[in-house]
>>> print(open('target_5.cif').read())   # mmCIF, C-alpha atoms and all ligand atoms
data_work
loop_
_atom_site.label_atom_id
_atom_site.label_comp_id
_atom_site.auth_asym_id
_atom_site.auth_seq_id
_atom_site.Cartn_x
_atom_site.Cartn_y
_atom_site.Cartn_z
CA MET W 1 267.38 -63.27 18.92
CA ARG W 2 270.08 -61.86 16.59
CA VAL W 3 268.65 -61.29 13.11
CA LEU W 4 270.27 -60.58 9.76
CA VAL W 5 268.03 -58.71 7.33
CA THR W 6 268.97 -58.46 3.63
CA GLY W 7 267.66 -55.58 1.52
CA GLY W 8 266.75 -53.55 4.60
CA ALA W 9 267.27 -50.21 2.84
CA GLY W 10 264.40 -50.88 0.42
CA PHE W 11 260.70 -50.30 0.87
CA ILE W 12 259.56 -53.36 2.85
CA GLY W 13 262.89 -54.14 4.52
CA SER W 14 263.15 -50.62 5.95
CA ALA W 15 259.57 -50.78 7.23
CA PHE W 16 260.45 -54.09 8.92
CA LEU W 17 263.57 -52.60 10.54
CA ARG W 18 261.77 -49.46 11.76
CA LEU W 19 258.95 -51.52 13.25
CA ALA W 20 261.19 -54.23 14.74
CA LEU W 21 263.46 -51.67 16.39
CA SER W 22 260.68 -49.45 17.70
CA GLU W 23 258.83 -52.44 19.19
CA ARG W 24 262.01 -54.28 20.31
CA TRP W 25 261.16 -57.56 18.53
CA PHE W 26 264.77 -58.80 18.60
CA ASP W 27 268.05 -58.25 20.50
CA SER W 28 269.95 -57.05 17.45
CA LEU W 29 269.47 -56.47 13.73
CA VAL W 30 272.13 -56.31 11.02
CA ASN W 31 271.10 -54.97 7.61
CA LEU W 32 273.05 -56.21 4.56
CA ASP W 33 272.18 -54.10 1.54
CA LYS W 34 273.97 -53.33 -1.72
CA LEU W 35 272.23 -49.94 -2.04
CA THR W 36 271.03 -50.35 -5.61
CA TYR W 37 268.80 -47.63 -7.11
CA ALA W 38 266.06 -48.95 -4.75
CA GLY W 39 268.12 -48.90 -1.54
CA ASN W 40 268.04 -45.65 0.41
CA LEU W 41 269.56 -45.09 3.84
CA GLU W 42 267.27 -42.08 4.28
CA ASN W 43 264.51 -44.66 4.88
CA LEU W 44 266.40 -45.71 8.02
CA ALA W 45 267.27 -42.28 9.45
CA ALA W 46 264.95 -42.92 12.42
CA VAL W 47 266.93 -45.98 13.55
CA GLU W 48 270.49 -45.36 12.35
CA HIS W 49 271.79 -44.53 15.86
CA ASP W 50 269.99 -47.38 17.60
CA ALA W 51 272.60 -49.52 19.42
CA ALA W 52 270.71 -52.68 18.40
CA TYR W 53 271.07 -51.84 14.70
CA GLN W 54 273.99 -52.09 12.28
CA PHE W 55 274.28 -51.43 8.56
CA VAL W 56 276.68 -53.29 6.26
CA GLN W 57 276.90 -52.36 2.59
CA GLY W 58 277.39 -55.43 0.41
CA ASP W 59 276.06 -57.64 -2.34
CA ILE W 60 274.28 -60.90 -1.45
CA CYS W 61 275.93 -62.44 -4.54
CA ASP W 62 279.37 -61.94 -2.93
CA ALA W 63 280.06 -65.15 -0.99
CA SER W 64 283.08 -63.73 0.83
CA ILE W 65 281.05 -60.83 2.30
CA VAL W 66 278.10 -63.03 3.19
CA ASN W 67 280.23 -65.76 4.81
CA ARG W 68 282.31 -63.25 6.78
CA LEU W 69 279.18 -61.51 8.02
CA LEU W 70 277.60 -64.76 9.21
CA GLU W 71 280.84 -65.75 10.95
CA GLU W 72 281.20 -62.40 12.70
CA GLN W 73 277.56 -61.81 13.61
CA ARG W 74 276.34 -65.38 14.18
CA PRO W 75 272.69 -64.45 13.47
CA GLU W 76 270.10 -66.95 14.66
CA ALA W 77 267.69 -65.89 11.92
CA ILE W 78 267.86 -64.41 8.42
CA VAL W 79 265.01 -62.45 6.87
CA HIS W 80 265.75 -62.25 3.17
CA PHE W 81 264.14 -59.25 1.45
CA ALA W 82 266.95 -58.29 -0.96
CA ALA W 83 265.79 -58.56 -4.55
CA GLU W 84 265.30 -56.79 -7.81
CA SER W 85 261.60 -56.15 -7.33
CA HIS W 86 259.99 -54.34 -10.26
CA VAL W 87 258.24 -56.17 -13.12
CA ASP W 88 258.73 -53.38 -15.71
CA ARG W 89 262.48 -53.28 -15.02
CA SER W 90 262.63 -57.07 -15.40
CA ILE W 91 261.08 -56.68 -18.86
CA LEU W 92 263.61 -54.01 -19.85
CA GLY W 93 266.60 -55.92 -18.44
CA PRO W 94 266.17 -59.37 -16.85
CA GLY W 95 269.88 -60.01 -16.16
CA ALA W 96 270.02 -58.33 -12.74
CA PHE W 97 266.94 -60.33 -11.69
CA PHE W 98 268.68 -63.58 -12.45
CA GLU W 99 271.81 -62.42 -10.58
CA THR W 100 270.28 -61.11 -7.36
CA ASN W 101 267.08 -63.13 -7.04
CA LEU W 102 268.54 -66.50 -8.03
CA ARG W 103 272.31 -66.35 -7.59
CA GLY W 104 272.09 -64.03 -4.57
CA THR W 105 269.55 -66.27 -2.86
CA PHE W 106 271.71 -69.31 -3.61
CA THR W 107 274.77 -67.59 -2.09
CA LEU W 108 272.83 -66.71 1.03
CA LEU W 109 271.37 -70.23 1.38
CA GLU W 110 274.83 -71.77 1.09
CA ALA W 111 276.24 -69.42 3.73
CA ALA W 112 273.26 -70.07 6.03
CA ARG W 113 273.78 -73.81 5.64
CA SER W 114 277.40 -73.68 6.71
CA ALA W 115 276.73 -71.23 9.53
CA GLY W 116 273.80 -73.31 10.83
CA VAL W 117 271.19 -70.54 11.18
CA LEU W 118 268.02 -71.49 13.06
CA ARG W 119 265.48 -69.72 10.80
CA PHE W 120 265.62 -68.50 7.20
CA VAL W 121 262.59 -66.53 6.05
CA HIS W 122 262.60 -66.16 2.27
CA VAL W 123 260.33 -63.23 1.41
CA SER W 124 258.49 -63.91 -1.84
CA THR W 125 255.42 -62.83 -3.76
CA ASP W 126 251.98 -63.97 -4.93
CA GLU W 127 253.17 -63.19 -8.48
CA VAL W 128 254.76 -66.67 -8.60
CA TYR W 129 251.21 -68.08 -9.10
CA GLY W 130 250.73 -65.97 -12.24
CA SER W 131 247.43 -64.55 -13.39
CA ILE W 132 244.41 -66.17 -11.72
CA ASP W 133 240.92 -66.22 -13.28
CA ALA W 134 238.06 -65.09 -11.03
CA PRO W 135 236.73 -66.35 -8.73
CA ALA W 136 239.69 -68.62 -7.87
CA GLU W 137 242.16 -67.72 -5.12
CA ALA W 138 245.61 -69.29 -4.82
CA ASP W 139 246.44 -71.29 -1.75
CA GLU W 140 250.00 -72.43 -1.07
CA ALA W 141 249.57 -75.60 -3.20
CA PHE W 142 248.42 -73.64 -6.27
CA PRO W 143 250.57 -74.30 -9.39
CA LEU W 144 253.41 -71.87 -10.08
CA ARG W 145 252.92 -70.10 -13.42
CA PRO W 146 255.07 -66.96 -13.25
CA SER W 147 254.70 -64.65 -16.28
CA SER W 148 257.51 -62.08 -15.99
CA PRO W 149 261.27 -62.45 -15.57
CA TYR W 150 260.74 -60.95 -12.08
CA SER W 151 258.14 -63.49 -10.98
CA ALA W 152 260.01 -66.36 -12.65
CA SER W 153 263.18 -65.44 -10.74
CA LYS W 154 261.20 -65.30 -7.48
CA ALA W 155 259.53 -68.68 -8.20
CA GLY W 156 262.96 -70.18 -8.90
CA SER W 157 264.38 -68.80 -5.66
CA ASP W 158 261.35 -70.10 -3.70
CA LEU W 159 262.00 -73.61 -5.06
CA LEU W 160 265.70 -73.37 -4.33
CA ALA W 161 265.03 -72.24 -0.76
CA LEU W 162 262.55 -75.09 -0.20
CA SER W 163 265.05 -77.57 -1.63
CA TYR W 164 267.49 -76.53 1.12
CA PHE W 165 264.87 -77.55 3.67
CA ASN W 166 264.12 -80.87 1.95
CA THR W 167 267.74 -81.74 1.27
CA TYR W 168 269.77 -80.17 4.09
CA ARG W 169 267.07 -79.49 6.70
CA LEU W 170 267.95 -75.79 6.59
CA PRO W 171 265.00 -74.30 8.54
CA VAL W 172 263.51 -72.34 5.63
CA ILE W 173 260.09 -70.65 5.58
CA VAL W 174 258.76 -69.07 2.36
CA THR W 175 256.27 -66.20 2.50
CA ARG W 176 254.26 -65.03 -0.51
CA ALA W 177 252.71 -61.60 -0.06
CA SER W 178 250.37 -59.66 -2.30
CA ASN W 179 251.04 -56.10 -3.57
CA ASN W 180 252.37 -53.90 -0.78
CA TYR W 181 251.85 -50.15 -0.42
CA GLY W 182 252.79 -47.55 2.16
CA PRO W 183 255.33 -44.79 2.90
CA TYR W 184 258.87 -44.94 1.41
CA GLN W 185 257.88 -47.09 -1.60
CA PHE W 186 260.02 -46.29 -4.64
CA PRO W 187 257.92 -44.29 -7.15
CA GLU W 188 258.20 -46.92 -9.89
CA LYS W 189 255.35 -49.05 -8.44
CA LEU W 190 251.71 -48.16 -9.19
CA ILE W 191 250.63 -46.34 -6.02
CA PRO W 192 253.65 -44.10 -5.32
CA LEU W 193 254.12 -43.38 -9.03
CA MET W 194 250.52 -42.22 -9.40
CA ILE W 195 250.62 -40.13 -6.21
CA SER W 196 253.88 -38.46 -7.15
CA ASN W 197 252.86 -37.76 -10.78
CA ALA W 198 249.52 -36.36 -9.61
CA LEU W 199 251.25 -34.09 -7.07
CA GLU W 200 253.34 -32.73 -9.96
CA ASN W 201 250.28 -32.47 -12.27
CA ASN W 202 251.91 -34.96 -14.64
CA THR W 203 249.96 -37.59 -16.57
CA LEU W 204 249.23 -40.94 -14.90
CA PRO W 205 250.09 -43.82 -17.30
CA ILE W 206 247.42 -46.54 -17.15
CA TYR W 207 248.51 -49.78 -18.81
CA GLY W 208 245.86 -51.15 -21.19
CA ASP W 209 242.28 -50.95 -19.93
CA GLY W 210 243.38 -50.47 -16.30
CA MET W 211 241.02 -53.22 -15.14
CA GLN W 212 243.79 -55.50 -13.85
CA VAL W 213 243.13 -56.55 -10.27
CA ARG W 214 245.62 -56.50 -7.39
CA ASP W 215 245.16 -57.42 -3.72
CA TRP W 216 246.57 -54.50 -1.66
CA LEU W 217 248.46 -55.14 1.59
CA PHE W 218 249.61 -52.33 3.86
CA VAL W 219 253.36 -52.71 4.38
CA GLU W 220 253.19 -52.86 8.20
CA ASP W 221 250.66 -55.71 8.00
CA HIS W 222 253.19 -57.55 5.83
CA CYS W 223 256.03 -56.91 8.33
CA ARG W 224 253.90 -58.20 11.22
CA ALA W 225 253.12 -61.34 9.21
CA ILE W 226 256.84 -61.97 8.70
CA GLN W 227 257.44 -61.52 12.43
CA ALA W 228 254.57 -63.96 13.11
CA VAL W 229 256.02 -66.72 10.90
CA LEU W 230 259.50 -66.12 12.26
CA GLU W 231 258.15 -66.78 15.75
CA ARG W 232 255.34 -69.25 15.15
CA GLY W 233 255.60 -70.61 11.59
CA ASP W 234 256.69 -74.16 10.76
CA GLU W 235 259.95 -74.97 9.00
CA GLY W 236 259.65 -76.06 5.36
CA GLU W 237 256.26 -74.37 4.98
CA ILE W 238 254.97 -71.71 2.59
CA TYR W 239 252.64 -68.97 3.89
CA ASN W 240 250.55 -66.68 1.69
CA ILE W 241 250.09 -63.16 3.05
CA GLY W 242 247.09 -61.39 1.52
CA GLY W 243 245.87 -57.85 1.94
CA SER W 244 242.56 -56.42 2.92
CA ARG W 245 241.25 -55.45 -0.52
CA SER W 246 241.17 -56.52 -4.18
CA LEU W 247 240.74 -53.58 -6.54
CA PRO W 248 241.12 -52.83 -10.24
CA ASN W 249 243.97 -50.38 -10.95
CA ARG W 250 241.63 -47.67 -12.26
CA GLU W 251 239.75 -47.59 -8.99
CA VAL W 252 242.97 -47.26 -6.99
CA VAL W 253 244.10 -44.37 -9.19
CA GLU W 254 240.70 -42.64 -9.03
CA ARG W 255 240.80 -42.79 -5.22
CA ILE W 256 244.25 -41.18 -5.24
CA LEU W 257 243.08 -38.39 -7.55
CA ALA W 258 239.97 -37.79 -5.45
CA ARG W 259 241.95 -37.43 -2.20
CA LEU W 260 244.44 -35.08 -3.86
CA GLY W 261 241.64 -33.05 -5.48
CA LYS W 262 243.11 -33.68 -8.95
CA PRO W 263 241.12 -34.27 -12.17
CA LYS W 264 240.57 -37.72 -13.69
CA SER W 265 241.79 -36.23 -16.98
CA LEU W 266 245.37 -36.74 -15.68
CA MET W 267 244.91 -40.48 -16.35
CA GLN W 268 246.32 -41.46 -19.73
CA THR W 269 245.92 -44.88 -21.32
CA VAL W 270 249.25 -46.20 -22.58
CA SER W 271 250.14 -49.48 -24.30
CA ASP W 272 249.89 -52.51 -22.07
CA ARG W 273 252.76 -54.21 -20.24
CA PRO W 274 253.91 -57.32 -22.19
CA GLY W 275 252.73 -60.50 -20.46
CA HIS W 276 250.64 -58.42 -18.03
CA ASP W 277 248.97 -60.54 -15.34
CA ARG W 278 245.24 -59.77 -15.26
CA ARG W 279 244.44 -60.70 -11.70
CA TYR W 280 246.19 -61.77 -8.51
CA ALA W 281 244.17 -63.31 -5.70
CA LEU W 282 245.20 -65.46 -2.78
CA THR W 283 243.90 -66.91 0.43
CA SER W 284 245.74 -66.31 3.72
CA ASP W 285 243.85 -68.94 5.72
CA LYS W 286 247.01 -70.90 6.47
CA ILE W 287 249.00 -68.10 8.15
CA GLU W 288 245.88 -66.92 9.97
CA GLN W 289 245.27 -70.37 11.42
CA ALA W 290 248.94 -71.13 12.16
CA THR W 291 249.94 -67.81 13.75
CA GLY W 292 246.80 -65.79 14.49
CA TRP W 293 248.06 -63.02 12.18
CA ARG W 294 245.51 -61.04 10.19
CA ALA W 295 245.79 -57.93 7.99
CA VAL W 296 244.34 -55.17 10.16
CA VAL W 297 244.84 -51.97 8.15
CA ALA W 298 241.78 -51.24 6.00
CA PHE W 299 242.63 -50.03 2.49
CA GLU W 300 240.78 -46.74 3.09
CA ASP W 301 243.01 -45.97 6.10
CA GLY W 302 246.25 -47.24 4.58
CA ILE W 303 245.85 -45.36 1.31
CA ALA W 304 244.91 -42.12 3.11
CA LEU W 305 247.97 -42.41 5.35
CA THR W 306 250.17 -43.21 2.33
CA ILE W 307 248.90 -40.30 0.21
CA ASP W 308 249.37 -37.92 3.14
CA TRP W 309 252.92 -39.21 3.68
CA TYR W 310 253.87 -38.54 0.04
CA GLN W 311 252.27 -35.12 0.22
CA LYS W 312 254.35 -34.23 3.29
CA ASN W 313 257.55 -35.84 2.02
CA GLN W 314 257.85 -34.44 -1.47
CA ALA W 315 261.53 -33.68 -0.86
CA TRP W 316 262.15 -37.43 -0.38
CA THR W 317 260.41 -38.20 -3.67
CA ARG W 318 262.27 -35.41 -5.49
CA ARG W 319 265.60 -36.84 -4.31
CA VAL W 320 264.85 -40.44 -5.37
CA LYS W 321 263.51 -39.25 -8.73
CA THR W 322 266.80 -37.70 -9.81
CA GLY W 323 269.45 -39.31 -12.01
CA GLU W 324 268.82 -42.96 -12.82
CA TYR W 325 265.06 -42.63 -12.29
CA GLN W 326 264.78 -40.16 -15.17
CA SER W 327 266.42 -42.51 -17.64
CA TYR W 328 264.34 -45.46 -16.37
CA TYR W 329 261.17 -43.40 -16.75
CA ALA W 330 262.06 -42.42 -20.31
CA ARG W 331 262.94 -46.02 -21.22
CA ASN W 332 259.72 -47.42 -19.80
CA TYR W 333 257.20 -44.75 -20.74
CA SER W 334 258.32 -42.68 -23.72
CA GLY W 335 256.59 -43.56 -26.98
CA ARG W 336 254.28 -45.96 -25.23
P1 LIG X 401 262.80 -52.75 -3.07
O1 LIG X 401 263.15 -52.80 -4.52
O2 LIG X 401 262.16 -51.53 -2.52
O3 LIG X 401 264.12 -53.01 -2.19
C1 LIG X 401 265.05 -54.00 -2.50
C2 LIG X 401 266.27 -53.79 -1.61
O4 LIG X 401 267.21 -54.85 -1.87
C3 LIG X 401 267.00 -52.47 -1.87
O5 LIG X 401 267.35 -51.85 -0.66
C4 LIG X 401 268.24 -52.90 -2.66
O6 LIG X 401 269.35 -52.03 -2.47
C5 LIG X 401 268.50 -54.28 -2.07
N1 LIG X 401 269.24 -55.15 -2.99
C6 LIG X 401 268.97 -55.38 -4.31
N2 LIG X 401 269.90 -56.21 -4.83
C7 LIG X 401 270.75 -56.51 -3.83
C8 LIG X 401 271.91 -57.34 -3.73
N3 LIG X 401 272.37 -57.99 -4.81
N4 LIG X 401 272.53 -57.44 -2.55
C9 LIG X 401 272.09 -56.78 -1.47
N5 LIG X 401 271.01 -55.97 -1.48
C10 LIG X 401 270.35 -55.84 -2.66
O7 LIG X 401 261.92 -54.04 -2.82
P2 LIG X 401 260.67 -54.24 -1.82
O8 LIG X 401 259.45 -53.78 -2.51
O9 LIG X 401 261.02 -53.71 -0.49
O10 LIG X 401 260.61 -55.84 -1.79
C11 LIG X 401 261.33 -56.57 -0.81
C12 LIG X 401 261.08 -58.06 -1.01
O11 LIG X 401 259.69 -58.32 -0.92
C13 LIG X 401 261.50 -58.58 -2.39
O12 LIG X 401 262.07 -59.86 -2.21
C14 LIG X 401 260.20 -58.67 -3.17
O13 LIG X 401 260.27 -59.69 -4.16
C15 LIG X 401 259.24 -59.02 -2.07
N6 LIG X 401 257.84 -58.61 -2.28
C16 LIG X 401 257.55 -57.31 -2.64
C17 LIG X 401 256.22 -56.92 -2.80
C18 LIG X 401 255.85 -55.49 -3.16
O14 LIG X 401 254.68 -55.20 -3.39
N7 LIG X 401 256.78 -54.55 -3.18
C19 LIG X 401 255.20 -57.85 -2.63
C20 LIG X 401 255.52 -59.16 -2.28
C21 LIG X 401 256.85 -59.52 -2.10
P1 LIG X 402 253.13 -52.66 -9.99
O1 LIG X 402 253.07 -51.69 -8.89
O2 LIG X 402 254.29 -52.60 -10.96
O3 LIG X 402 253.04 -54.11 -9.32
P2 LIG X 402 252.88 -55.57 -10.02
O4 LIG X 402 252.96 -55.46 -11.47
O5 LIG X 402 254.08 -56.26 -9.47
O6 LIG X 402 251.59 -56.09 -9.53
O7 LIG X 402 251.81 -52.56 -10.85
C1 LIG X 402 250.54 -52.76 -10.25
C2 LIG X 402 249.50 -52.72 -11.36
O8 LIG X 402 249.48 -51.39 -11.92
C3 LIG X 402 249.81 -53.65 -12.52
O9 LIG X 402 248.59 -54.16 -13.04
C4 LIG X 402 250.45 -52.74 -13.56
C5 LIG X 402 249.74 -51.41 -13.33
N1 LIG X 402 250.55 -50.19 -13.64
C6 LIG X 402 250.04 -49.23 -14.53
O10 LIG X 402 248.92 -49.35 -15.05
N2 LIG X 402 250.82 -48.14 -14.79
C7 LIG X 402 252.06 -47.98 -14.27
O11 LIG X 402 252.74 -46.96 -14.58
C8 LIG X 402 252.56 -48.97 -13.35
C9 LIG X 402 253.91 -48.82 -12.73
C10 LIG X 402 251.76 -50.05 -13.08
#
>>> encode(input="target_5.cif", output="structure tokens", more="lines below")
Ligand code: NAD
Ligand code: TYD
Amino acid sequence: MRVLVTGGAGFIGSAFLRLALSERWFDSLVNLDKLTYAGNLENLAAVEHDAAYQFVQGDICDASIVNRLLEEQRPEAIVHFAAESHVDRSILGPGAFFETNLRGTFTLLEAARSAGVLRFVHVSTDEVYGSIDAPAEADEAFPLRPSSPYSASKAGSDLLALSYFNTYRLPVIVTRASNNYGPYQFPEKLIPLMISNALENNTLPIYGDGMQVRDWLFVEDHCRAIQAVLERGDEGEIYNIGGSRSLPNREVVERILARLGKPKSLMQTVSDRPGHDRRYALTSDKIEQATGWRAVVAFEDGIALTIDWYQKNQAWTRRVKTGEYQSYYARNYSGR
């Protein structure tokens, strides 16, 4: 199978490419990525010379690039990761979220429709369900109540993608994963930000009371779930992809500090995120029954591996934290 991946230079897309190429899941993989602040070709150094892999720099909102690529490459499947992905950035500036997540997805769907691709996996998030009161868990029929510009743009793109199945029979599958963590995650998200600040003995900003709950999914478990639905999922369906553990943020951060031998006094309460979702929770029964996939990496193992990776790869973190990151950090955290 020839596969086009969008956003393959980011955190999850690069994990998918590294895994797919090392385990020879497909005949060839083309990666279309704009290389925004979150895209980093260093994440793909291990595969850049693989004959089955090709990188193309380009914007998914640019119909001429996307159409030409589909004509030239004739991919049988598209795995669509490319997105603006961070809630805090969507609060500071929602415009790019509308452009890439909605208009970019629309451009890609249109191109896929005219090229006649055989599978289109639209990679989405459990955040489209919004905050969920305990003890409920969202299944795929749960109402969509996105709270942030990020999650609203993802919910909109999910609906658009599904409409292409209903209307044009484009073979779309939507996946909705919980919070991912693992190596190469940009240090704007909770886990890599806390590890990297702790390694530098900087304060760890805890939003509000820090008792918000997230369901943590190791990134390779997520990639294997996407491969499972690509092979064995049904067209027009939505699949939730949950992790192995629900934890309040404070507990996650305390575990990080304990493993690094750093004091809890580094944690600093800061003002809460506007519209902050209190709890995400979902059930993955459907994908488990349909494909046999299951999250296999226990949080204890995944977080240990992740912390160790950041400890060993501080040069990577230093490089991605230069320039734009500094101004983002100041905009999001100063005076909070
Ligand atoms: P990321 O921010 O690390 O990477 C996004 C990638 O997309 C980058 O390489 C960036 O350069 C590229 N990109 C952005 N705009 C583009 C455009 N207009 N054209 C082409 N490329 C563009 O994101 P991630 O964490 O790897 O997330 C990947 C996907 O998974 C997203 O769709 C996200 O909504 C979804 N998701 C993420 C999580 C999570 O916890 N990170 C959980 C569930 C779902
Ligand atoms: P994040 O990694 O941004 O993922 P999401 O908001 O998409 O779930 O944040 C995870 C949780 O951590 C969320 O409840 C917000 C909280 N958080 C902090 O308390 N401090 C921070 O500096 C960040 C980035 C997040």
>>> residues_near_ligand(input="target_5.cif", ligand="ligand LIG 402 (chain X)", cutoff="10 Å", atoms="all atoms listed in the file", output="PyMOL selection string")
chain W and resi 85-89+125-127+148+150-151+178-181+185-194+197+203-216+248-250+252-253+267-273+276-280+329+332-333
>>> atom_distance(input="target_5.cif", atom1="atom CA of Trp25 of chain W", atom2="atom N5 of ligand LIG 401 (chain X)")
22.4 Å
>>> closest_residue(input="target_5.cif", among="W:Asn202, W:Thr306, W:Thr36, W:Ser131", to="Glu324 of chain W", atoms="all atoms listed in the file")
W:Thr36
>>> closest_atom_pairs(input="target_5.cif", of="chain W", to="ligand LIG 401 (chain X)", cutoff="8 Å", atoms="all atoms listed in the file", output="JSON lines")
{"residue": "W:Thr6", "atom": "CA", "partner": "X:LIG401", "partner_atom": "N5", "distance": 6.0}
{"residue": "W:Gly7", "atom": "CA", "partner": "X:LIG401", "partner_atom": "O4", "distance": 3.5}
{"residue": "W:Gly8", "atom": "CA", "partner": "X:LIG401", "partner_atom": "O5", "distance": 5.6}
{"residue": "W:Ala9", "atom": "CA", "partner": "X:LIG401", "partner_atom": "O5", "distance": 3.9}
{"residue": "W:Gly10", "atom": "CA", "partner": "X:LIG401", "partner_atom": "O5", "distance": 3.3}
{"residue": "W:Phe11", "atom": "CA", "partner": "X:LIG401", "partner_atom": "O9", "distance": 3.7}
{"residue": "W:Ile12", "atom": "CA", "partner": "X:LIG401", "partner_atom": "O9", "distance": 3.7}
{"residue": "W:Gly13", "atom": "CA", "partner": "X:LIG401", "partner_atom": "O9", "distance": 5.4}
{"residue": "W:Ser14", "atom": "CA", "partner": "X:LIG401", "partner_atom": "O9", "distance": 7.5}
{"residue": "W:Leu32", "atom": "CA", "partner": "X:LIG401", "partner_atom": "C9", "distance": 6.1}
{"residue": "W:Asp33", "atom": "CA", "partner": "X:LIG401", "partner_atom": "N5", "distance": 3.7}
{"residue": "W:Lys34", "atom": "CA", "partner": "X:LIG401", "partner_atom": "C9", "distance": 3.9}
{"residue": "W:Leu35", "atom": "CA", "partner": "X:LIG401", "partner_atom": "O6", "distance": 3.6}
{"residue": "W:Thr36", "atom": "CA", "partner": "X:LIG401", "partner_atom": "O6", "distance": 3.9}
{"residue": "W:Tyr37", "atom": "CA", "partner": "X:LIG401", "partner_atom": "O6", "distance": 6.4}
{"residue": "W:Ala38", "atom": "CA", "partner": "X:LIG401", "partner_atom": "C3", "distance": 4.6}
{"residue": "W:Gly39", "atom": "CA", "partner": "X:LIG401", "partner_atom": "O5", "distance": 3.2}
{"residue": "W:Asn40", "atom": "CA", "partner": "X:LIG401", "partner_atom": "O5", "distance": 6.3}
{"residue": "W:Gln57", "atom": "CA", "partner": "X:LIG401", "partner_atom": "C9", "distance": 7.7}
{"residue": "W:Gly58", "atom": "CA", "partner": "X:LIG401", "partner_atom": "C9", "distance": 5.8}
{"residue": "W:Asp59", "atom": "CA", "partner": "X:LIG401", "partner_atom": "N4", "distance": 3.5}
{"residue": "W:Ile60", "atom": "CA", "partner": "X:LIG401", "partner_atom": "N4", "distance": 4.0}
{"residue": "W:Cys61", "atom": "CA", "partner": "X:LIG401", "partner_atom": "N3", "distance": 5.7}
{"residue": "W:His80", "atom": "CA", "partner": "X:LIG401", "partner_atom": "O12", "distance": 6.9}
{"residue": "W:Phe81", "atom": "CA", "partner": "X:LIG401", "partner_atom": "C12", "distance": 4.1}
{"residue": "W:Ala82", "atom": "CA", "partner": "X:LIG401", "partner_atom": "O4", "distance": 3.6}
{"residue": "W:Ala83", "atom": "CA", "partner": "X:LIG401", "partner_atom": "C6", "distance": 4.5}
{"residue": "W:Glu84", "atom": "CA", "partner": "X:LIG401", "partner_atom": "C6", "distance": 5.3}
{"residue": "W:Ser85", "atom": "CA", "partner": "X:LIG401", "partner_atom": "O1", "distance": 4.6}
{"residue": "W:His86", "atom": "CA", "partner": "X:LIG401", "partner_atom": "O1", "distance": 6.7}
{"residue": "W:Glu99", "atom": "CA", "partner": "X:LIG401", "partner_atom": "N3", "distance": 7.3}
{"residue": "W:Thr100", "atom": "CA", "partner": "X:LIG401", "partner_atom": "N3", "distance": 4.5}
{"residue": "W:Asn101", "atom": "CA", "partner": "X:LIG401", "partner_atom": "O12", "distance": 7.7}
{"residue": "W:Gly104", "atom": "CA", "partner": "X:LIG401", "partner_atom": "N3", "distance": 6.1}
{"residue": "W:His122", "atom": "CA", "partner": "X:LIG401", "partner_atom": "O12", "distance": 7.7}
{"residue": "W:Val123", "atom": "CA", "partner": "X:LIG401", "partner_atom": "O12", "distance": 5.2}
{"residue": "W:Ser124", "atom": "CA", "partner": "X:LIG401", "partner_atom": "C21", "distance": 4.7}
{"residue": "W:Thr125", "atom": "CA", "partner": "X:LIG401", "partner_atom": "C20", "distance": 4.0}
{"residue": "W:Asp126", "atom": "CA", "partner": "X:LIG401", "partner_atom": "C20", "distance": 6.5}
{"residue": "W:Glu127", "atom": "CA", "partner": "X:LIG401", "partner_atom": "C20", "distance": 7.8}
{"residue": "W:Lys154", "atom": "CA", "partner": "X:LIG401", "partner_atom": "O13", "distance": 6.6}
{"residue": "W:Arg176", "atom": "CA", "partner": "X:LIG401", "partner_atom": "C20", "distance": 6.3}
{"residue": "W:Ala177", "atom": "CA", "partner": "X:LIG401", "partner_atom": "C20", "distance": 4.3}
{"residue": "W:Ser178", "atom": "CA", "partner": "X:LIG401", "partner_atom": "C19", "distance": 5.2}
{"residue": "W:Asn179", "atom": "CA", "partner": "X:LIG401", "partner_atom": "O14", "distance": 3.8}
{"residue": "W:Asn180", "atom": "CA", "partner": "X:LIG401", "partner_atom": "O14", "distance": 3.7}
{"residue": "W:Tyr181", "atom": "CA", "partner": "X:LIG401", "partner_atom": "O14", "distance": 6.5}
{"residue": "W:Gln185", "atom": "CA", "partner": "X:LIG401", "partner_atom": "O2", "distance": 6.2}
{"residue": "W:Phe186", "atom": "CA", "partner": "X:LIG401", "partner_atom": "O2", "distance": 6.0}
{"residue": "W:Lys189", "atom": "CA", "partner": "X:LIG401", "partner_atom": "N7", "distance": 7.7}
{"residue": "W:Leu217", "atom": "CA", "partner": "X:LIG401", "partner_atom": "O14", "distance": 8.0}
>>> atom_distance(input="target_5.cif", atom1="atom CA of Tyr310 of chain W", atom2="atom CA of Leu247 of chain W")
21.0 Å
>>> atom_distance(input="target_5.cif", atom1="atom CA of Thr291 of chain W", atom2="atom CA of Gly116 of chain W")
24.7 Å
>>> closest_residue(input="target_5.cif", among="W:Ile241, W:Ile226, W:Leu44, W:Ala198", to="Ser265 of chain W", atoms="only C-alpha atoms")
W:Ala198
>>> closest_residue(input="target_5.cif", among="W:Gly236, W:Pro183, W:Gly335, W:Gly292", to="Arg18 of chain W", atoms="only C-alpha atoms")
W:Pro183
>>> residues_around(input="target_5.cif", residues="Arg119 of chain W", least_positions_apart="2", cutoff="6 Å", atoms="all atoms listed in the file", output="compact mmCIF listing (two decimals) with C-alpha atoms, keeping the file's coordinate frame")
# COMPACT_ATOMS: atom_id res chain seq x y z
CA ALA W 77 267.69 -65.89 11.92
CA VAL W 117 271.19 -70.54 11.18
CA PRO W 171 265.00 -74.30 8.54
